[in-house]
Each structure stands twice: as structure tokens, then as C-alpha cells.
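Structure first, then comments.
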Amino acid sequence: MAVYKVTVATGDVLEAGTKNSISITLERNLTVRCEKDLGTIVLVRLHKWRLFLEDAWFCKDVRVTAPDGTLHRFPCYQWLEGITTVEIREGTAKKLVDDELEILKEHRRKELKERQEAFRWKNYAEGWPRCLNVDSILELDTNIKFSCVRATNFTGMLIFQGATHLLSGFLLRRTSWKSLDEMRSIFSRTQGREIVPEYVAQHWQEDDFFGYQFLNGNNPIVIQRCQKLPAKFPVTSEMVAGSLGDGTNLEKEMREGRIFLVDYEVLEDIPAGTIHGRQQYLAAPLCLLHQGKDKLLRPIAIQLSQTPGDTNPIFLPSDAEWDWLLAKTWVRNADFYSHQLLTHLLRTHLLGEVFAIATLRQLPSGHPLFKLLLPHFHFTLHINTLARTVLINPGGAIDRASGVTYEGLLLVVQRGLEKVTYRSLCLPEDIGHRGVTDVPNYHYRDDGLRLWEAIERFVAGVVAFYYKEDAMVSGDVELQAWVMDIFTNASWEGLPQVAPGEVPVHLLSLLEGCIPSSLKTVVDLTKFVTMVMFTCSTQHASVNNGQYDLGAFLPNAPSSMRHRPPTTKGKASLQDFLDTVPEVDTTANILVVLILLSSRLKDMRLLGHYPEERFTEMEPRRLIRIFQGKLEEIRDLIEARNHQAKLRYNYMNPLETENSISI
């Protein structure tokens, strides 16, 4: 009689154990006869049933040692609830074409059918990427919910911060701040996290720091080199002569690549809302910056509307102190919306959700890309569902504490999606397209490119192991369905939902630069998967982790403005400034959100760390170790630079970067 040793492992997560009864049967392609060797084992079937009270169980894996000593590993990593049966295939990653047995092909079909029923698409808003068809986190599958540790940590932190500000009186004060110094008091109560906000409070008025944030702040992807001024921004050389220095002019500085532009056109005519019944205001400014001889970036001209004219003056550093400071603060307010709604929400959270849902719907658990990508969607569907119910919903935190209406929020994201291109999601191409390849002190670019390269090398190794030639990519029907699902559901309203080759010539311009609908080569696949992993890890960290640091001091990132943008010069004052930026309680409300969103929770999974060992082959496991080693090298480079810096840029440090968008 053949004797098999079977080990069923419980996952190392809180409340993973079970008191319920478990049995296991082995299944193969021939008749199962326990009296003799079963041969190669391709599937195991786990049965769980209830003895008394229901007790969910998290199964890590099943390991079967055959009579000849061969170990067969069956990764599971999922919760089993109620009376249920689950089939788990042997851990070797395989494409559909690699499965010769009909039982394995049927397993793939059944698994995808069940997932496509469980994870359905819905439209959240017109012109937005589509999202998961649930209305509450209570409807989520247990396997995509927050862990017990994270749920407790997340809720506890929210309650604590809210209570702290409530007891301090900030949430009860519907008045203007009394002074700039008083604004410091709100973050000084957040022990251990006041170092960077204090630096911001000391330097926020300086043009150097204003320019620095376009490179290394929360929104480092909007600046671009300017070689020709747009007609709507009629800055003259005479206006900025004092900022450029002797022996040069604006045309020369543009020609030599030292002039940069930030344009918040996306905010033009966006409806503003009310806070406490009082009208708020928005601007759609343009900001011109110059790289000086000292290599620092400074603003040299600001226009607060897209339409030039007598009531839309161009503000300059030579203007009165509060005129210039207020103009810069309007830019910071516009950057708050651009960052929160487009750079952060749209380009990481919403697109990350599309990547996650398409992966669950189109790639079975045995597919190599499923094994590679699933860790990079950990908790993403939970945090996004939570965001739709408490953060970006009508009456949510953004609605209550920012100057845009809910309708305005929807419109900003819709417009933003129309500007998203595949090139802009691929960091090396985006850097080149914006003309910022050689800008000094651009830590976001430098750290990001190192991390992109590390991820790309890792992905290239995994892809090459499973796809030996281009035909394997183009012939993988599951892979092609996955890419098409992303293309279809990440696209905006009105974009033709067909492959580029099927689009009439007059519509081809609509598809130029958009997310691809198919992949033909190994190189194409490597680039696309790198983009997905980078977006869901490094890019999200770069625009998420510094929110509290750079936003805790109110004037640096005001969430609303209570007065109209100035139409003349010479009238601004400190009191006018204090009466324009958000009131005390509005500041406190938004700060609670920023603290939470940039917090380090207890069960975070760092980039390159895969506690769920889904790959069983030696080669991908070797590639993971190499990837982890490269991340350690990058960490050391970042920390060496930070050791000598007055203001550390640590938001892309692998030690601060999660695998996924989970907060």
C-alpha cells in the first residue's frame, strides 16, 4: 500500500485557526487507488464542514510527500468559511497551453467563472474608471478584506486622532486661525510626527521650498520643461528680468532649458462648494518656474486664471509680500486638488483597482502572472471601497473639508482620465516626455528610476522564464483577456472599446497613447507588468506617504479657499490671508484624514516581500531574492543621501513602500 504524508498548514494571520473539521482527498488524472502509488498529484480537494459554531479558517497550503519522497506543494492562502470544498492545484505556475490534462483545464474554467461572478464591474461615475460592484466593505469577499490587525489598527487610529482634535477644541472652532504661529499647534500635538511639518512651517514662504515641492513633494509629476509660453500666459521678459539675473532673458532661458511650467487647466470652471454654508472658491492657475545658477527651482510668475486680462494679473516675486504669498498659496490649493484627485486617487487607487479586478477575473490562480501580481493588490479593493463610502462620497471627508462640490470632484477626475496616457504611467517615458531628465535635485525621478529598473529586471526574469518567445505572449488567451479587460474598464466614456486595429482611421487619435488592448511580445508584456507593479507600489508610496508631512501646516496645502482669487495687486494682508485659508475645524477635519492616509500600519507588506509563497519553482524564488537584494541597495543609497540632507526625501525608500495600495 502506498503511504502519503499530508501536511495542511494554517496561515500565519490573526484568527486563522479553526475548530471545525477538515478532511482532504487526493485527485489525479487516473483512477485514485490508495492501494498503490497515485503517480503525479495535480489537485487536492479540501473539505471543511461545521461541527458546532462557524469558525472561518485560513489555509496556507497543503504539502503531500509521495512514497518515493517527492514533495508536492499546493499553495492555498485563502479563507474557508462555512461548509465548503475547495480544489487546489499543484503550485507549478502554468499558462493555459501548458495544461495538458482536461481536469486542469476544467479547473481553470471553473475558477474563472466563479471569480467573474464574484468580482463584477460597475460604473461609479460617468467618465471614471470602473470599479468593484459592491456598496460597502460588508459585501466584500473575506479574502480581499483588511486583516483583523489592519482593521483594528486603522479604526483605532481614526478614533484616536479624531478624539485628540475634538478634545483639543480644533473640531469645534468655526473661526479663522488667529495667527500663523497658532497653526503650528495642531501638528505639535502629534508626537513623533512633527519634525517635517515644523520644517515646512519654517520654510513655506520661501520660493526655494515652493519650487522644491514640484520635484519632491506630494505631486511631483505635474512639472514640465517650457520651451514656448502658451498664449494664455503672456509673461514678458521684462516682467521676470529681476528673477532671471543679469546677462540673460526669458527667451534665452527657455531655449537653454531652464524654464518650467505647471498648468492646472483641469480645474477651470470646476464648481466650488460651501463649508458651513459659506461659499468656497477655486482657481486654475499657471505657474512659471526658473532653474537658477545655484541649480534651485523658483517661481517667477503666477497667473490665477486661464484667461489673461486686466482682472487676472500676473503675480511676480517683486510684488508686495502678501500679494506674492497669497498667489503662491492659490497654487498650493490647486496642487492639493490636482494631487488628491488625480495624481493620488485616479492614477494609483482607481487604476490599481482596475488592475486588481481584471487580474481576479481573467487570470486563474495557477497562471504565472496571477502569482506575480496578486501580492500587489493586497487590500486594494477594501481601501477603495472604504474610500467610496467615507472619503469621496457625497458628504464624505473631501466634500466636507475641501472647496469642490461632489459634482466638481467627479468632473475633475473625468477630465484627468482623459489626460492619462500609457506613456505617463511608465516613469522613464514620462520623465523624458516632460523634459525633466536632467533637472538637479529631483529625488522622485532618481529614486523612481532606480526602482523602476529593479522592478523591470525582476519582471523580465519571471516573464522570460514562462514566455520563451513572443508567440507565447500573443497566444496566451488568458493574458490577452486580462489586458483587454484593463483596457476596456480603465478607459473613459466615449473611447472606442475595441482593439486599435479595428478602429476607423478617423478615431485612431482617440486611442493614441492609451493603455494597450493587447500585448504581442515579451518586451511588451514586461513593460506592462512593470507599469502595473510600479503604479501599485512605488508610485503610490511617492504620492501618499508624505501627505501628513507636507500638508499638516495648513498654508502649504490648503484644502479650500474662502475668498475669491485676487483680481488686483496691492490689497492683500496677513488678515486677508488668514481669512482666505480654511477655518480651524476644516483644517482639523482634513488633517485627521492626512494622518491616517500616510500612517504606517502594523501589518504592512514591504515592496519585494512575499510572505505568501505562491511560486514553488526554484527560478522565480531565486529572482525574488535577487530583487530583494537590489531593493536593499537602493535603500542604502537613499539613506546615505538622506543622512546629509536638511530635509529627507524618504517616500520611495523600500523600507517605507508597500507592495500594494492598501491605505
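In the C-alpha cells, the first chain shown is A, the next is B, and so on; residue numbers restart at 1 for each chain, and ligands run from 1 in the order shown.
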
Spatial neighbours of Arg423 of chain A, max dist 8 Å, only C-alpha atoms, sep filter under 4 positions, as a ChimeraX atom specification: /A:427,429-430,513-514

Compile the contact shell of segment 313-322 of chain A as a list in words: residues with an atom at most 9 Å away, counting only C-alpha atoms, same-chain residues fewer than 5 positions apart removed. Asp207, Phe233, Pro234, Val235, Met239, Val240, Gly242, Ser243, Pro299, Ile300, Ala301, Ile302, Gln303, Leu304, Ser305, Pro308, Ala327, Lys328, Pro566, Thr567, Thr568, Lys569, Gly570, Lys571, Ala572, Ser573, Leu574, Asp576 and Phe577 of chain A

Could you name the residues that touch Ile83 of chain A at 9 Å or less, counting only C-alpha atoms, but leaving out those on the same chain fewer than 4 positions away, as a PyMOL selection string? chain A and resi 47-50+54

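With only C-alpha atoms as the atoms that count, the minimum distance from Leu637 of chain A to the choices A:Val3, A:Leu451, A:Ala284, A:Ile663 is reached by A:Leu451.
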
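Of the residues in segment 274-396 of chain A, those given strand (DSSP E) by DSSP on the backbone are Thr274, Ile275, Arg278, Gln279, Leu286, Cys287, Leu288, Leu289, His290, Gln291, Leu297, Arg298, Pro299, Ile300, Ala301, Ile302, Gln303, Ile314 and Phe315 of chain A.
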
Excluding Val436 of chain A and residues on its chain fewer than 4 positions from it, collect all residues at most 7 Å away from it, counting only C-alpha atoms, and give them as a ChimeraX atom specification. /A:224-225,431-432

Please produce a file of those selected residues containing N, CA, C and O atoms, as a short mmCIF file (atom, residue, chain, number, x, y, z; two decimals), in the first residue's frame.
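Okay, this is what ended up in part38.cif:
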data_model
loop_
_atom_site.label_atom_id
_atom_site.label_comp_id
_atom_site.auth_asym_id
_atom_site.auth_seq_id
_atom_site.Cartn_x
_atom_site.Cartn_y
_atom_site.Cartn_z
N GLN A 224 6.75 70.46 -16.05
CA GLN A 224 7.32 70.11 -17.34
C GLN A 224 8.17 71.27 -17.86
O GLN A 224 7.92 72.44 -17.52
N ARG A 225 9.16 70.93 -18.66
CA ARG A 225 10.02 71.97 -19.24
C ARG A 225 9.20 72.80 -20.23
O ARG A 225 8.39 72.26 -21.00
N ILE A 431 9.22 60.86 -17.68
CA ILE A 431 10.30 61.81 -17.38
C ILE A 431 10.82 62.45 -18.66
O ILE A 431 11.02 63.67 -18.74
N GLY A 432 11.02 61.64 -19.68
CA GLY A 432 11.50 62.17 -20.95
C GLY A 432 10.49 63.08 -21.61
O GLY A 432 10.84 64.15 -22.14
#

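Our summary of the geometry notes that atom CA of Phe214 of chain A is positioned 10.2 Å from atom CA of Phe260 of chain A.
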
Could you name the residues that touch Asp98 of chain A at 12 Å or less, counting only C-alpha atoms, but leaving out those on the same chain fewer than 6 positions away, as a PyMOL selection string? chain A and resi 92+104-105+108+366-368+466-467+472+475-476

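For the residues A:Leu286, A:Ile634, A:Ala66, A:Val8, ranking by smallest atom-to-atom distance to Pro654 of chain A using only C-alpha atoms places A:Ile634 first.
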
Residues within 9 Å of segment 176-188 of chain A, only C-alpha atoms, excluding chain neighbours under 3 positions, as JSON, numbers by chain: {"A": [165, 168, 170, 173, 191, 192, 193, 194, 197, 198, 201, 552, 553, 554, 555, 574, 575, 578, 579, 580, 581, 582, 583, 584, 587, 588, 591]}

Please produce a file of those selected residues containing N, CA and C atoms, as a compact mmCIF listing (two decimals), in the first residue's frame.
# COMPACT_ATOMS: atom_id res chain seq x y z
N HIS A 165 -8.23 65.76 18.36
CA HIS A 165 -8.57 67.09 17.85
C HIS A 165 -9.86 67.62 18.46
N SER A 168 -9.03 68.80 21.89
CA SER A 168 -8.20 70.00 21.82
C SER A 168 -9.01 71.22 21.39
N PHE A 170 -10.14 71.85 18.35
CA PHE A 170 -10.00 72.25 16.95
C PHE A 170 -11.24 71.93 16.12
N ARG A 173 -14.10 74.65 16.42
CA ARG A 173 -13.88 76.08 16.12
C ARG A 173 -14.14 76.39 14.66
N GLN A 191 2.68 63.67 18.44
CA GLN A 191 4.04 63.39 18.91
C GLN A 191 4.77 62.43 17.97
N GLY A 192 6.00 62.79 17.65
CA GLY A 192 6.84 61.95 16.82
C GLY A 192 6.69 62.20 15.33
N ARG A 193 5.68 63.01 14.94
CA ARG A 193 5.47 63.25 13.51
C ARG A 193 5.53 64.73 13.17
N GLU A 194 6.12 65.51 14.08
CA GLU A 194 6.10 66.96 13.89
C GLU A 194 7.37 67.49 13.24
N PRO A 197 6.67 68.63 9.41
CA PRO A 197 5.75 69.77 9.44
C PRO A 197 6.38 71.03 10.04
N GLU A 198 7.23 70.86 11.02
CA GLU A 198 7.89 72.03 11.61
C GLU A 198 8.85 72.65 10.61
N ALA A 201 6.72 74.58 8.26
CA ALA A 201 6.24 75.82 8.88
C ALA A 201 7.31 76.91 8.87
N ALA A 552 0.41 69.04 6.90
CA ALA A 552 -0.02 69.33 8.28
C ALA A 552 -0.01 70.82 8.57
N PHE A 553 0.95 71.56 7.98
CA PHE A 553 0.95 73.01 8.16
C PHE A 553 0.06 73.61 7.09
N LEU A 554 -1.07 74.08 7.49
CA LEU A 554 -2.18 74.47 6.62
C LEU A 554 -1.80 75.31 5.39
N PRO A 555 -1.04 76.39 5.52
CA PRO A 555 -0.80 77.24 4.34
C PRO A 555 -0.06 76.54 3.21
N LEU A 574 -1.91 90.12 5.95
CA LEU A 574 -1.91 88.92 6.78
C LEU A 574 -3.33 88.53 7.17
N GLN A 575 -4.14 89.50 7.57
CA GLN A 575 -5.51 89.17 7.98
C GLN A 575 -6.31 88.64 6.80
N LEU A 578 -5.32 85.05 6.44
CA LEU A 578 -5.92 84.18 7.46
C LEU A 578 -7.41 83.96 7.20
N ASP A 579 -8.07 84.95 6.62
CA ASP A 579 -9.50 84.82 6.33
C ASP A 579 -9.77 84.10 5.01
N THR A 580 -8.71 83.81 4.25
CA THR A 580 -8.87 83.10 2.98
C THR A 580 -8.63 81.60 3.14
N VAL A 581 -7.60 81.24 3.87
CA VAL A 581 -7.30 79.82 4.06
C VAL A 581 -8.35 79.18 4.97
N PRO A 582 -8.42 77.84 5.04
CA PRO A 582 -9.50 77.17 5.77
C PRO A 582 -9.59 77.56 7.25
N GLU A 583 -10.80 77.44 7.77
CA GLU A 583 -11.04 77.68 9.19
C GLU A 583 -10.41 76.56 10.01
N VAL A 584 -10.43 76.74 11.34
CA VAL A 584 -9.76 75.81 12.23
C VAL A 584 -10.36 74.41 12.13
N THR A 587 -9.52 72.63 8.91
CA THR A 587 -8.14 72.17 8.96
C THR A 587 -8.03 70.87 9.74
N ALA A 588 -8.70 70.81 10.90
CA ALA A 588 -8.64 69.61 11.73
C ALA A 588 -9.25 68.41 11.03
N LEU A 591 -6.90 67.18 8.41
CA LEU A 591 -5.68 66.66 8.99
C LEU A 591 -5.87 65.25 9.53

As a check of understanding: the span from atom CA of Pro558 of chain A to atom CA of Asn218 of chain A is 13.4 Å

I'd like the contact shell of Gly403 of chain A - 6 Å cut-off, only C-alpha atoms, skipping same-chain residues fewer than 2 positions apart - returned as a list in words. Ala272, Gly273, Gln280 and Ser560 of chain A

Atoms to include: N, CA and C atoms. Write the selected residues as a compact mmCIF listing (two decimals), in the first residue's frame.
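Full text of part_26.txt as output:
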# COMPACT_ATOMS: atom_id res chain seq x y z
N ALA A 272 -17.38 75.20 -7.26
CA ALA A 272 -16.94 75.23 -5.88
C ALA A 272 -18.12 75.03 -4.95
N GLY A 273 -17.86 74.48 -3.78
CA GLY A 273 -18.92 74.18 -2.83
C GLY A 273 -18.98 75.17 -1.69
N GLN A 280 -17.07 78.67 -1.04
CA GLN A 280 -15.64 78.49 -1.22
C GLN A 280 -15.29 78.80 -2.68
N SER A 560 -9.13 74.32 0.98
CA SER A 560 -10.18 75.20 0.46
C SER A 560 -9.72 76.65 0.59

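Taking atom CA of Leu417 of chain A and atom CA of Thr586 of chain A as the two end points, the separation is 28.3 Å.
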